[in-house]
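**Student:** As input, take query.cif (mmCIF, C-alpha atoms and all ligand atoms):
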```
data_final
#
loop_
_atom_site.label_atom_id
_atom_site.label_comp_id
_atom_site.auth_asym_id
_atom_site.auth_seq_id
_atom_site.Cartn_x
_atom_site.Cartn_y
_atom_site.Cartn_z
CA MET A 1 3.73 -28.68 -11.56
CA LYS A 2 3.62 -28.45 -15.33
CA LEU A 3 6.20 -26.13 -16.90
CA SER A 4 6.36 -24.95 -20.51
CA THR A 5 9.55 -25.50 -22.52
CA GLU A 6 10.62 -21.90 -21.91
CA GLU A 7 9.91 -22.13 -18.16
CA GLN A 8 11.87 -25.37 -17.97
CA ALA A 9 14.78 -23.69 -19.77
CA MET A 10 14.72 -20.82 -17.27
CA LEU A 11 14.86 -23.34 -14.43
CA SER A 12 17.73 -25.21 -16.07
CA GLY A 13 19.86 -22.08 -16.27
CA ASP A 14 19.69 -21.57 -20.05
CA PHE A 15 18.86 -17.88 -19.44
CA GLY A 16 21.66 -17.38 -16.90
CA SER A 17 22.07 -17.89 -13.18
CA GLY A 18 20.01 -14.81 -12.19
CA VAL A 19 16.96 -16.09 -14.09
CA ARG A 20 17.48 -19.59 -12.71
CA LYS A 21 17.47 -18.22 -9.17
CA ALA A 22 14.24 -16.32 -9.90
CA MET A 23 12.58 -19.40 -11.41
CA GLU A 24 13.62 -21.50 -8.43
CA ILE A 25 11.82 -19.03 -6.12
CA VAL A 26 8.67 -19.05 -8.27
CA CYS A 27 8.64 -22.87 -8.53
CA THR A 28 9.33 -23.38 -4.83
CA LEU A 29 6.30 -21.24 -3.99
CA GLY A 30 4.29 -23.22 -6.52
CA GLN A 31 5.27 -26.47 -4.84
CA ILE A 32 4.52 -25.18 -1.35
CA TYR A 33 1.04 -24.01 -2.40
CA ASP A 34 0.30 -26.96 -4.70
CA ALA A 35 0.06 -24.93 -7.90
CA ARG A 36 -0.51 -26.94 -11.06
CA ARG A 37 1.05 -24.40 -13.40
CA LEU A 38 2.61 -20.96 -13.66
CA ALA A 39 0.68 -17.94 -14.92
CA PRO A 40 2.23 -15.21 -17.07
CA VAL A 41 2.04 -11.84 -15.31
CA GLY A 42 1.27 -8.50 -16.94
CA SER A 43 3.07 -6.38 -14.35
CA VAL A 44 4.85 -6.50 -11.02
CA GLN A 45 4.92 -4.17 -8.02
CA VAL A 46 7.99 -4.68 -5.84
CA ALA A 47 8.00 -3.81 -2.13
CA GLY A 48 10.88 -3.79 0.34
CA VAL A 49 12.61 -0.66 -0.96
CA SER A 50 13.47 1.36 2.11
CA TYR A 51 17.07 0.97 3.20
CA ARG A 52 15.72 1.26 6.75
CA ASN A 53 14.06 -2.14 6.30
CA LEU A 54 16.44 -3.74 3.80
CA GLY A 55 19.71 -2.93 5.50
CA GLU A 56 23.09 -3.87 4.08
CA ALA A 57 22.12 -7.54 3.65
CA GLY A 58 19.11 -6.63 1.49
CA LEU A 59 21.18 -4.24 -0.62
CA GLU A 60 23.81 -6.92 -1.16
CA PHE A 61 21.12 -9.44 -2.15
CA LEU A 62 19.85 -7.03 -4.85
CA ARG A 63 23.34 -6.24 -6.11
CA GLU A 64 24.20 -9.92 -6.45
CA TRP A 65 21.06 -10.56 -8.45
CA ALA A 66 21.83 -7.63 -10.74
CA ASP A 67 25.43 -8.87 -11.13
CA GLN A 68 24.02 -12.17 -12.38
CA SER A 69 22.56 -10.25 -15.35
CA ALA A 70 18.97 -10.73 -14.22
CA ARG A 71 16.54 -8.20 -15.79
CA VAL A 72 12.80 -7.81 -15.43
CA ARG A 73 10.68 -9.06 -18.34
CA VAL A 74 7.47 -7.16 -17.58
CA PRO A 75 6.69 -3.59 -16.50
CA THR A 76 7.81 -3.43 -12.88
CA THR A 77 7.16 -0.60 -10.47
CA LEU A 78 8.59 0.12 -7.04
CA ASN A 79 7.06 0.78 -3.62
CA PRO A 80 8.01 3.86 -1.55
CA ALA A 81 11.64 4.26 -0.56
CA GLY A 82 12.89 5.49 2.80
CA MET A 83 13.15 9.13 1.68
CA ASP A 84 12.19 11.64 -0.99
CA LEU A 85 14.84 10.84 -3.60
CA ARG A 86 15.33 14.51 -4.52
CA ALA A 87 14.35 16.64 -1.52
CA TRP A 88 15.95 14.43 1.15
CA ARG A 89 18.37 17.13 2.29
CA GLU A 90 15.67 19.76 2.79
CA LEU A 91 13.59 17.22 4.71
CA GLY A 92 16.46 16.46 7.09
CA PHE A 93 17.56 12.97 6.04
CA SER A 94 21.20 12.17 6.77
CA GLU A 95 23.90 11.87 4.10
CA SER A 96 24.70 8.31 5.11
CA PHE A 97 21.08 7.15 4.93
CA ALA A 98 20.66 8.89 1.56
CA ARG A 99 23.79 7.26 0.16
CA SER A 100 22.56 3.78 1.11
CA GLN A 101 19.01 4.45 -0.11
CA LEU A 102 20.26 5.70 -3.47
CA ALA A 103 22.40 2.56 -3.77
CA VAL A 104 19.23 0.46 -3.34
CA ILE A 105 17.47 2.44 -6.07
CA ASP A 106 20.51 1.99 -8.30
CA ALA A 107 20.45 -1.80 -7.79
CA PHE A 108 16.76 -1.93 -8.67
CA GLY A 109 17.50 0.21 -11.74
CA ARG A 110 20.14 -2.28 -12.90
CA LEU A 111 17.48 -4.99 -12.65
CA GLY A 112 15.26 -2.88 -14.93
CA VAL A 113 12.76 -1.79 -12.26
CA ARG A 114 11.19 1.68 -12.69
CA ALA A 115 11.84 3.83 -9.63
CA THR A 116 8.23 4.97 -9.32
CA CYS A 117 8.50 4.67 -5.52
CA THR A 118 4.80 4.68 -4.83
CA CYS A 119 2.30 2.28 -3.28
CA THR A 120 -0.31 3.52 -5.77
CA PRO A 121 1.12 2.23 -9.08
CA TYR A 122 -2.45 2.33 -10.40
CA LEU A 123 -2.35 6.15 -10.15
CA VAL A 124 0.80 6.36 -12.30
CA GLY A 125 -0.07 4.14 -15.24
CA ASN A 126 0.29 0.56 -13.94
CA VAL A 127 -3.41 -0.36 -14.22
CA PRO A 128 -4.04 -4.08 -14.79
CA HIS A 129 -7.33 -5.08 -16.38
CA LEU A 130 -10.11 -7.35 -15.14
CA GLY A 131 -8.85 -10.94 -14.91
CA GLU A 132 -5.20 -10.08 -15.64
CA HIS A 133 -2.61 -12.00 -13.60
CA VAL A 134 -0.07 -9.75 -11.90
CA ALA A 135 2.39 -10.23 -9.05
CA TRP A 136 2.18 -7.31 -6.67
CA ALA A 137 3.71 -6.83 -3.28
CA GLU A 138 2.44 -4.00 -1.01
CA SER A 139 -0.73 -5.07 0.71
CA SER A 140 -2.82 -1.96 -0.06
CA ALA A 141 -1.97 -2.13 -3.77
CA VAL A 142 -2.72 -5.86 -3.81
CA SER A 143 -6.13 -5.15 -2.31
CA TYR A 144 -6.81 -2.40 -4.87
CA ALA A 145 -5.66 -4.54 -7.82
CA ASN A 146 -7.78 -7.54 -6.80
CA SER A 147 -10.85 -5.70 -5.59
CA VAL A 148 -11.24 -2.42 -7.43
CA LEU A 149 -9.62 -3.44 -10.72
CA GLY A 150 -10.49 -7.16 -10.68
CA ALA A 151 -6.91 -8.22 -11.51
CA ARG A 152 -5.46 -11.32 -9.85
CA THR A 153 -2.57 -11.32 -7.42
CA ASN A 154 -1.51 -12.90 -4.18
CA ARG A 155 0.24 -10.82 -1.54
CA GLU A 156 3.77 -11.23 -2.82
CA GLY A 157 6.84 -10.66 -0.72
CA GLY A 158 9.75 -8.54 -1.96
CA PRO A 159 11.91 -11.41 -3.36
CA SER A 160 8.95 -13.35 -4.80
CA ALA A 161 7.66 -10.26 -6.62
CA LEU A 162 11.10 -9.61 -8.06
CA ALA A 163 11.38 -13.26 -9.08
CA ALA A 164 8.04 -12.94 -10.88
CA ALA A 165 9.31 -9.82 -12.66
CA ILE A 166 12.49 -11.58 -13.82
CA THR A 167 10.67 -14.70 -15.05
CA GLY A 168 7.42 -13.01 -16.11
CA ARG A 169 5.60 -15.78 -14.23
CA THR A 170 3.93 -16.45 -10.93
CA ALA A 171 2.68 -19.71 -9.45
CA ALA A 172 -1.05 -20.05 -10.13
CA TYR A 173 -2.51 -20.59 -6.66
CA GLY A 174 -4.56 -18.59 -4.16
CA LEU A 175 -6.23 -15.53 -5.64
CA HIS A 176 -5.18 -16.45 -9.18
CA LEU A 177 -7.89 -19.16 -9.07
CA ASP A 178 -11.65 -18.52 -9.44
CA GLU A 179 -12.60 -20.68 -6.47
CA ASN A 180 -10.57 -18.60 -4.00
CA ARG A 181 -12.00 -15.26 -5.06
CA ARG A 182 -15.52 -15.75 -3.74
CA ALA A 183 -16.65 -13.92 -0.62
CA THR A 184 -16.59 -15.99 2.55
CA LEU A 185 -17.70 -13.25 4.94
CA GLN A 186 -20.69 -11.01 4.35
CA VAL A 187 -20.22 -7.69 6.12
CA VAL A 188 -23.44 -5.78 6.72
CA VAL A 189 -22.65 -2.17 7.59
CA ARG A 190 -25.65 -0.67 9.35
CA CYS A 191 -24.08 2.57 10.60
CA PRO A 192 -23.43 5.59 8.36
CA VAL A 193 -20.02 5.71 6.65
CA ARG A 194 -19.42 9.30 5.65
CA THR A 195 -15.70 10.03 5.50
CA LEU A 196 -12.44 8.40 4.46
CA SER A 197 -11.50 8.00 8.11
CA ASP A 198 -14.85 6.24 8.68
CA LEU A 199 -13.78 3.80 5.98
CA GLY A 200 -10.37 3.40 7.64
CA ALA A 201 -12.06 2.63 10.98
CA LEU A 202 -14.44 0.21 9.26
CA GLY A 203 -11.52 -1.43 7.46
CA TYR A 204 -9.66 -1.80 10.73
CA LEU A 205 -12.61 -3.55 12.41
CA VAL A 206 -13.37 -5.82 9.47
CA GLY A 207 -9.71 -6.71 8.89
CA LYS A 208 -9.41 -7.84 12.52
CA ALA A 209 -12.48 -10.06 12.18
CA ALA A 210 -11.88 -11.30 8.65
CA ARG A 211 -8.18 -12.10 8.91
CA ASN A 212 -7.51 -13.56 5.43
CA ARG A 213 -11.12 -14.20 4.41
CA VAL A 214 -12.77 -12.43 1.48
CA PRO A 215 -15.41 -9.94 2.68
CA LEU A 216 -18.47 -8.86 0.70
CA PHE A 217 -19.78 -5.50 1.92
CA VAL A 218 -23.39 -4.51 1.97
CA PHE A 219 -24.10 -0.95 3.14
CA THR A 220 -27.61 -0.57 4.51
CA SER A 221 -27.21 2.96 5.84
CA GLY A 222 -26.08 6.29 4.36
CA GLY A 223 -22.66 7.16 3.09
CA LEU A 224 -22.64 4.99 0.01
CA GLU A 225 -21.47 7.87 -2.15
CA GLU A 226 -18.23 7.96 -0.20
CA ALA A 227 -17.82 4.17 -0.41
CA ARG A 228 -18.05 4.34 -4.18
CA SER A 229 -15.13 6.71 -4.72
CA ASP A 230 -11.71 5.35 -5.63
CA ALA A 231 -10.15 7.13 -2.65
CA ALA A 232 -12.66 5.44 -0.35
CA LEU A 233 -12.00 1.97 -1.76
CA LYS A 234 -8.27 2.61 -1.46
CA ALA A 235 -8.67 3.61 2.21
CA LEU A 236 -10.95 0.70 3.08
CA GLY A 237 -8.74 -1.93 1.43
CA ALA A 238 -5.53 -0.54 2.94
CA ALA A 239 -6.93 -0.64 6.49
CA MET A 240 -8.24 -4.20 6.10
CA ALA A 241 -4.92 -5.33 4.67
CA ALA A 242 -3.14 -3.81 7.67
CA SER A 243 -5.23 -5.05 10.60
CA GLY A 244 -5.98 -8.36 8.87
CA ALA A 245 -4.55 -10.05 5.82
CA VAL A 246 -7.44 -9.20 3.51
CA ALA A 247 -6.16 -9.18 -0.07
CA LEU A 248 -9.53 -9.11 -1.86
CA TYR A 249 -12.95 -7.75 -0.98
CA HIS A 250 -16.14 -7.09 -2.86
CA VAL A 251 -18.70 -4.32 -2.53
CA ALA A 252 -22.09 -5.10 -4.04
CA ASP A 253 -22.63 -3.04 -7.23
CA VAL A 254 -19.28 -1.25 -6.82
CA THR A 255 -16.12 -3.40 -7.13
CA ALA A 256 -14.95 -4.90 -10.42
CA GLU A 257 -16.11 -8.51 -10.22
CA ALA A 258 -19.43 -7.65 -8.57
CA VAL A 259 -20.11 -5.15 -11.38
CA ALA A 260 -18.98 -7.60 -14.07
CA GLY A 261 -21.61 -10.07 -12.89
CA VAL A 262 -19.13 -12.66 -11.59
CA ASP A 263 -20.67 -14.93 -8.95
CA VAL A 264 -18.79 -13.61 -5.92
CA LEU A 265 -20.59 -15.62 -3.23
CA ALA A 266 -19.11 -18.77 -1.72
CA ARG A 267 -21.51 -21.50 -0.57
CA ASP A 268 -20.62 -21.18 3.10
CA ILE A 269 -20.66 -17.57 4.05
CA GLU A 270 -20.55 -16.18 7.55
CA ARG A 271 -22.04 -12.85 8.52
CA LEU A 272 -20.55 -9.90 10.38
CA ILE A 273 -22.68 -6.92 11.36
CA VAL A 274 -21.05 -3.54 11.96
CA ASP A 275 -23.23 -1.05 13.86
CA ASP A 276 -20.63 1.29 15.28
CA LEU A 277 -17.28 2.63 14.07
CA ALA A 278 -16.26 4.11 17.45
CA PRO A 279 -14.22 1.03 18.50
CA GLY A 280 -12.21 1.40 15.28
CA TYR A 281 -11.48 5.06 16.00
CA ALA A 282 -10.53 4.23 19.59
CA ALA A 283 -8.15 1.45 18.57
CA LEU A 284 -6.43 3.56 15.91
CA SER A 285 -6.04 6.63 18.11
CA SER A 286 -3.87 5.70 21.03
CA PRO A 287 -1.35 8.44 21.74
CA ALA A 288 -0.80 7.85 25.44
CA ARG A 289 -0.21 4.15 25.05
CA HIS A 290 2.62 4.59 22.59
CA GLU A 291 4.32 7.80 23.70
CA PRO A 292 3.48 8.33 27.38
CA ASP A 293 6.03 11.13 27.79
CA THR A 294 4.59 13.47 25.20
CA ASN A 295 1.95 16.03 25.86
CA ASN A 296 -1.01 14.05 24.59
CA THR A 297 -2.47 16.73 22.40
CA SER A 298 0.62 18.27 20.77
CA ILE A 299 1.11 17.24 17.15
CA ASP A 300 4.54 17.25 15.47
CA LEU A 301 3.32 15.99 12.13
CA VAL A 302 0.10 15.65 10.19
CA TRP A 303 0.28 12.91 7.59
CA ILE A 304 -2.09 12.62 4.65
CA GLY A 305 -1.57 10.15 1.80
CA CYS A 306 -1.51 6.55 3.01
CA PRO A 307 -1.88 4.97 0.52
CA HIS A 308 -0.25 7.75 -1.52
CA ALA A 309 -2.60 10.64 -2.20
CA SER A 310 -4.38 11.19 -5.49
CA LEU A 311 -4.72 14.58 -7.14
CA GLU A 312 -8.28 14.84 -5.82
CA GLU A 313 -7.14 14.20 -2.24
CA SER A 314 -4.46 16.90 -2.64
CA GLU A 315 -7.19 19.26 -3.83
CA THR A 316 -9.23 18.53 -0.72
CA VAL A 317 -6.23 19.27 1.49
CA VAL A 318 -5.76 22.64 -0.22
CA ALA A 319 -9.46 23.44 0.15
CA LEU A 320 -9.39 22.60 3.87
CA LEU A 321 -6.23 24.65 4.44
CA ALA A 322 -7.98 27.63 2.87
CA GLY A 323 -4.73 29.58 2.74
CA ARG A 324 -3.98 29.24 6.48
CA LYS A 325 -0.48 28.57 7.82
CA VAL A 326 0.28 25.29 9.56
CA THR A 327 1.98 25.13 12.95
CA SER A 328 3.03 21.48 12.88
CA ALA A 329 4.69 19.80 9.93
CA LEU A 330 2.26 18.71 7.21
CA TRP A 331 3.25 15.91 4.85
CA VAL A 332 1.05 14.89 1.96
CA THR A 333 2.81 11.82 0.58
CA ALA A 334 2.24 11.05 -3.09
CA ALA A 335 3.77 9.50 -6.17
CA ARG A 336 6.24 11.86 -7.85
CA ALA A 337 4.07 11.95 -10.98
CA VAL A 338 1.05 12.98 -8.88
CA ARG A 339 3.18 15.65 -7.17
CA GLU A 340 4.12 16.99 -10.61
CA HIS A 341 0.46 17.11 -11.64
CA ALA A 342 -0.30 18.85 -8.37
CA ALA A 343 2.40 21.41 -9.21
CA GLY A 344 0.83 21.97 -12.62
CA ARG A 345 -2.51 22.72 -11.01
CA GLY A 346 -1.11 25.09 -8.40
CA LEU A 347 -1.82 22.67 -5.55
CA LEU A 348 1.84 22.19 -4.62
CA ALA A 349 2.36 25.95 -4.38
CA ALA A 350 -0.77 26.26 -2.23
CA VAL A 351 0.35 23.51 0.18
CA GLU A 352 3.85 25.03 0.38
CA ALA A 353 2.47 28.54 0.92
CA SER A 354 0.70 27.14 3.99
CA GLY A 355 3.97 25.66 5.23
CA GLY A 356 3.18 22.05 4.27
CA GLN A 357 4.90 19.74 1.82
CA ILE A 358 3.90 17.26 -0.84
CA VAL A 359 6.57 14.64 -0.24
CA ALA A 360 7.30 12.16 -3.06
CA ASP A 361 8.85 8.69 -3.16
CA THR A 362 8.41 7.80 0.52
CA CYS A 363 6.01 7.50 3.43
CA VAL A 364 6.01 7.83 7.21
CA VAL A 365 5.97 4.08 7.78
CA VAL A 366 9.17 3.34 5.84
CA ALA A 367 11.16 6.54 6.56
CA PRO A 368 13.29 6.97 9.70
CA MET A 369 10.80 9.41 11.29
CA ARG A 370 12.24 9.51 14.80
CA GLU A 371 15.63 10.42 13.39
CA LEU A 372 13.88 13.37 11.74
CA GLY A 373 12.69 14.45 15.19
CA PHE A 374 9.02 13.47 15.01
CA ARG A 375 7.28 11.95 18.04
CA SER A 376 3.55 12.50 17.52
CA MET A 377 1.31 12.44 14.48
CA ALA A 378 -2.26 12.97 13.36
CA THR A 379 -3.57 11.12 10.35
CA SER A 380 -6.84 10.29 8.61
CA SER A 381 -5.47 7.01 7.24
CA GLY A 382 -6.49 3.78 8.95
CA LYS A 383 -3.41 2.01 7.67
CA GLY A 384 -1.14 4.92 8.61
CA ALA A 385 -2.58 5.03 12.13
CA TYR A 386 -2.25 1.27 12.48
CA TYR A 387 1.45 1.20 11.59
CA GLY A 388 2.47 4.63 12.91
CA PRO A 389 3.31 3.54 16.47
CA GLY A 390 5.05 0.23 15.74
CA HIS A 391 6.89 1.09 12.52
CA ALA A 392 7.57 4.81 12.88
CA GLY A 393 7.59 5.07 16.69
CA LEU A 394 4.96 7.82 16.68
CA ALA A 395 2.09 8.54 19.02
CA VAL A 396 -1.00 8.71 16.81
CA HIS A 397 -4.24 10.68 16.81
CA TYR A 398 -6.73 9.36 14.29
CA GLY A 399 -9.54 11.43 12.84
CA THR A 400 -11.16 12.94 9.77
CA LEU A 401 -9.16 14.81 7.16
CA ALA A 402 -10.78 18.05 8.33
CA GLU A 403 -9.76 17.36 11.95
CA CYS A 404 -6.21 16.57 10.84
CA ILE A 405 -5.88 19.80 8.89
CA GLU A 406 -7.18 21.74 11.91
CA ALA A 407 -4.56 19.94 14.01
CA ALA A 408 -1.85 21.00 11.52
CA VAL A 409 -2.99 24.64 11.79
CA GLU A 410 -3.30 24.62 15.59
CA GLY A 411 -0.34 22.35 16.28
CA ARG A 412 -2.46 20.25 18.63
CA TRP A 413 -5.24 17.72 18.56
CA ALA A 414 -8.51 19.28 19.57
CA ALA A 415 -11.00 16.73 18.25
FE1 LIG B 501 1.75 3.33 1.13
FE2 LIG B 501 3.33 3.70 3.14
FE3 LIG B 501 0.76 3.64 3.52
S1 LIG B 501 3.63 2.27 1.50
S2 LIG B 501 0.00 2.27 1.96
S3 LIG B 501 1.86 5.17 2.32
S4 LIG B 501 2.25 2.68 4.80
#
```
Translate the structure described by the file into structure tokens.

**Tutor:**
Amino acid sequence: MKLSTEEQAMLSGDFGSGVRKAMEIVCTLGQIYDARRLAPVGSVQVAGVSYRNLGEAGLEFLREWADQSARVRVPTTLNPAGMDLRAWRELGFSESFARSQLAVIDAFGRLGVRATCTCTPYLVGNVPHLGEHVAWAESSAVSYANSVLGARTNREGGPSALAAAITGRTAAYGLHLDENRRATLQVVVRCPVRTLSDLGALGYLVGKAARNRVPLFVFTSGGLEEARSDAALKALGAAMAASGAVALYHVADVTAEAVAGVDVLARDIERLIVDDLAPGYAALSSPARHEPDTNNTSIDLVWIGCPHASLEESETVVALLAGRKVTSALWVTAARAVREHAAGRGLLAAVEASGGQIVADTCVVVAPMRELGFRSMATSSGKGAYYGPGHAGLAVHYGTLAECIEAAVEGRWAA
């Protein structure tokens, strides 16, 4: 692999031991994947933030790196943490968990990482441009960056993303190269796709079939309006990245490279036809299988905002609530900056007046939800439903946003 003089100096330790360690990680990945060179990155999104997943060993690893005077060289944002960094007490998180989580945030801060704590960095100002190399962890954000924005990133892990931030480089392999960005699976969707949960169910089915291939979607039935919205693309990509390992997809006439006229078709392309979303709904909604002891229809929590909700999605929640009180807990998870915008527009007050919360900095999948007393959940997010049972230990009902809000009001799943 060819290194520039500066890259070689980083590897030799001229910039300190913390930078050398980062460059060793970047170069090792380059060697494993046969990269010919490194690419400078415009930004980094770091995942692996929740103390629940990192534990003491992960915290120590971050502290050591910070002690070695390593600092990020490019704008670097952070994935959700294990709790709302300000309202953790009101939400019921324990003192000991909060202390450890805040220590993690402090270690990232010493490395120069912005504590944005959101999986939607593109909603809070980290918006890479078409063709820009970035190094993002967080599978849904990777999918959005590659597909919707046309930037270039592999699915980084926590340490490799941080190494890219500290060196400002990533190994140029995989989705950084033109030849790996062409569609290898044409997905013809012949059934209507009308709602965000339809897109989550579709994403679940396609992710399972595609694994790590690059799908190109063609919609031959109704519902294209929904598929064109940013929220829809976010939902579709997140679900595919969860059930499969899809890090890039194209939608004819919609996603960045297809619109820019890039040739997105590989020579050998297989075809997948989707006629029915019901199997996706069935697979994502499996309360009895995961929590056999609970009353199958009672709902402890309704979760909206996976990936983190935009302002428009918060508006829709408020419209569907229509001033009614909720019976179960209602969490709309969002970036703190989006929550603040929502407050400015009166949306936060409206959600709170109904008894719900717009929770910042965290999400159900990375927070210790069972310790907070939750056992069952309704969600309209394909990714949220996919991970809810295994990661949060929750029985999940999956349905449309409207059905979820009704469930929050009634305290049970009636769909
Ligand atoms: Fe984001 Fe958590 Fe979903 S990180 S994509 S809200 S699982």

**Student:** Counting all atoms listed in the file, what are the residues, protein, DNA or RNA alike, that approach ligand LIG 501 (chain B) to within 10 Å? I want them as a PyMOL selection string.

**Tutor:** chain A and resi 47-50+79-82+117-120+138-141+234-235+237-239+241-242+303-309+332-335+361-367+381-388+391-392

**Student:** Which value, in Å to one decimal, gives the distance between CA of Asn126 in chain A and CA of Leu196 in chain A?

**Tutor:**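 CA of Leu196 in chain A lies at a distance of 23.7 Å from CA of Asn126 in chain A.
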
**Student:** Using only C-alpha atoms, which residue out of A:Gly280, A:Gly13, A:Gly150, A:Gly346 lies closest to Leu311 in chain A?

**Tutor:**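 Closest candidate: A:Gly346.
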
**Student:** Looking at A:Ala183, A:Ile105, A:Ala319, A:Ile25, which one is nearest to Ala252 in chain A, with distances taken over only C-alpha atoms?

**Tutor:**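 Going through A:Ala183, A:Ile105, A:Ala319, A:Ile25 one by one, the smallest distance to Ala252 in chain A is for A:Ala183.
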
**Student:** If we count all atoms listed in the file and set the cut-off at 9 Å, which residues sit around Gly393 in chain A, ignoring sequence neighbours fewer than 2 positions away in its own chain? Please answer as a list in words.

**Tutor:**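 The neighbour list is His290, Glu291, Met369, Arg370, Phe374, Arg375, Ser376, Tyr387, Gly388, Pro389, Gly390, His391 and Ala395 of chain A.
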
**Student:** Looking at A:Leu78, A:Ala402, A:Val44, A:Val206, which one is nearest to Leu277 in chain A, with distances taken over only C-alpha atoms?

**Tutor:**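 Closest residue, counting only C-alpha atoms: A:Val206.
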
**Student:** For CA of Ala201 in chain A and CA of Val148 in chain A, determine how far apart the two atoms are, in Å to one decimal place.

**Tutor:**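 For CA of Ala201 in chain A relative to CA of Val148 in chain A, the distance reads 19.1 Å.
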
**Student:** As an exercise, work out the distance from CA of Val326 in chain A to CA of His397 in chain A in Å and give it to one decimal place.

**Tutor:** 16.9 Å

**Student:** Go through A:Leu59, A:Val26, A:Val188, A:Leu216 and flag the residue nearest Ala135 in chain A, using all atoms listed in the file for the distances.

**Tutor:**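 Checking each candidate against Ala135 in chain A, we get A:Val26 as the closest.
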
**Student:** As number ranges by chain, please: the residues near Tyr281 in chain A (cut-off 9 Å, all atoms listed in the file, same-chain neighbours under 5 positions excluded).

**Tutor:** A: 197-198, 200-202, 204, 382, 398-399

**Student:** Using all atoms listed in the file - which residues lie no farther than 9 Å from the point (3.1, 21.5, 5.1) in the file's frame? Write them as a PyMOL selection string.

**Tutor:** chain A and resi 301-302+325-332+351-358+408

**Student:** Could you add all heavy atoms to range 159-163 of chain A and give me the result as a CSV table (one decimal), in the frame of the given file?

**Tutor:**
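Output below, filename rebuild32.csv:
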```csv
chain,number,residue,atom,x,y,z
A,159,PRO,N,11.2,-10.5,-2.4
A,159,PRO,CA,11.9,-11.4,-3.4
A,159,PRO,C,11.0,-12.1,-4.3
A,159,PRO,O,11.3,-12.3,-5.5
A,159,PRO,CB,12.6,-12.4,-2.4
A,159,PRO,CG,12.7,-11.7,-1.1
A,159,PRO,CD,11.5,-10.8,-1.0
A,160,SER,N,9.8,-12.6,-3.9
A,160,SER,CA,9.0,-13.4,-4.8
A,160,SER,C,8.4,-12.4,-5.9
A,160,SER,O,8.2,-12.9,-7.0
A,160,SER,CB,7.8,-14.1,-4.0
A,160,SER,OG,6.8,-13.2,-3.6
A,161,ALA,N,8.1,-11.2,-5.6
A,161,ALA,CA,7.7,-10.3,-6.6
A,161,ALA,C,8.8,-10.0,-7.6
A,161,ALA,O,8.5,-10.0,-8.9
A,161,ALA,CB,7.2,-8.9,-6.0
A,162,LEU,N,10.0,-9.8,-7.1
A,162,LEU,CA,11.1,-9.6,-8.1
A,162,LEU,C,11.4,-10.8,-8.9
A,162,LEU,O,11.7,-10.7,-10.1
A,162,LEU,CB,12.3,-9.3,-7.2
A,162,LEU,CG,13.5,-8.5,-7.9
A,162,LEU,CD1,13.0,-7.3,-8.7
A,162,LEU,CD2,14.5,-8.0,-6.9
A,163,ALA,N,11.2,-12.0,-8.3
A,163,ALA,CA,11.4,-13.3,-9.1
A,163,ALA,C,10.3,-13.4,-10.2
A,163,ALA,O,10.6,-13.8,-11.3
A,163,ALA,CB,11.3,-14.5,-8.1
```
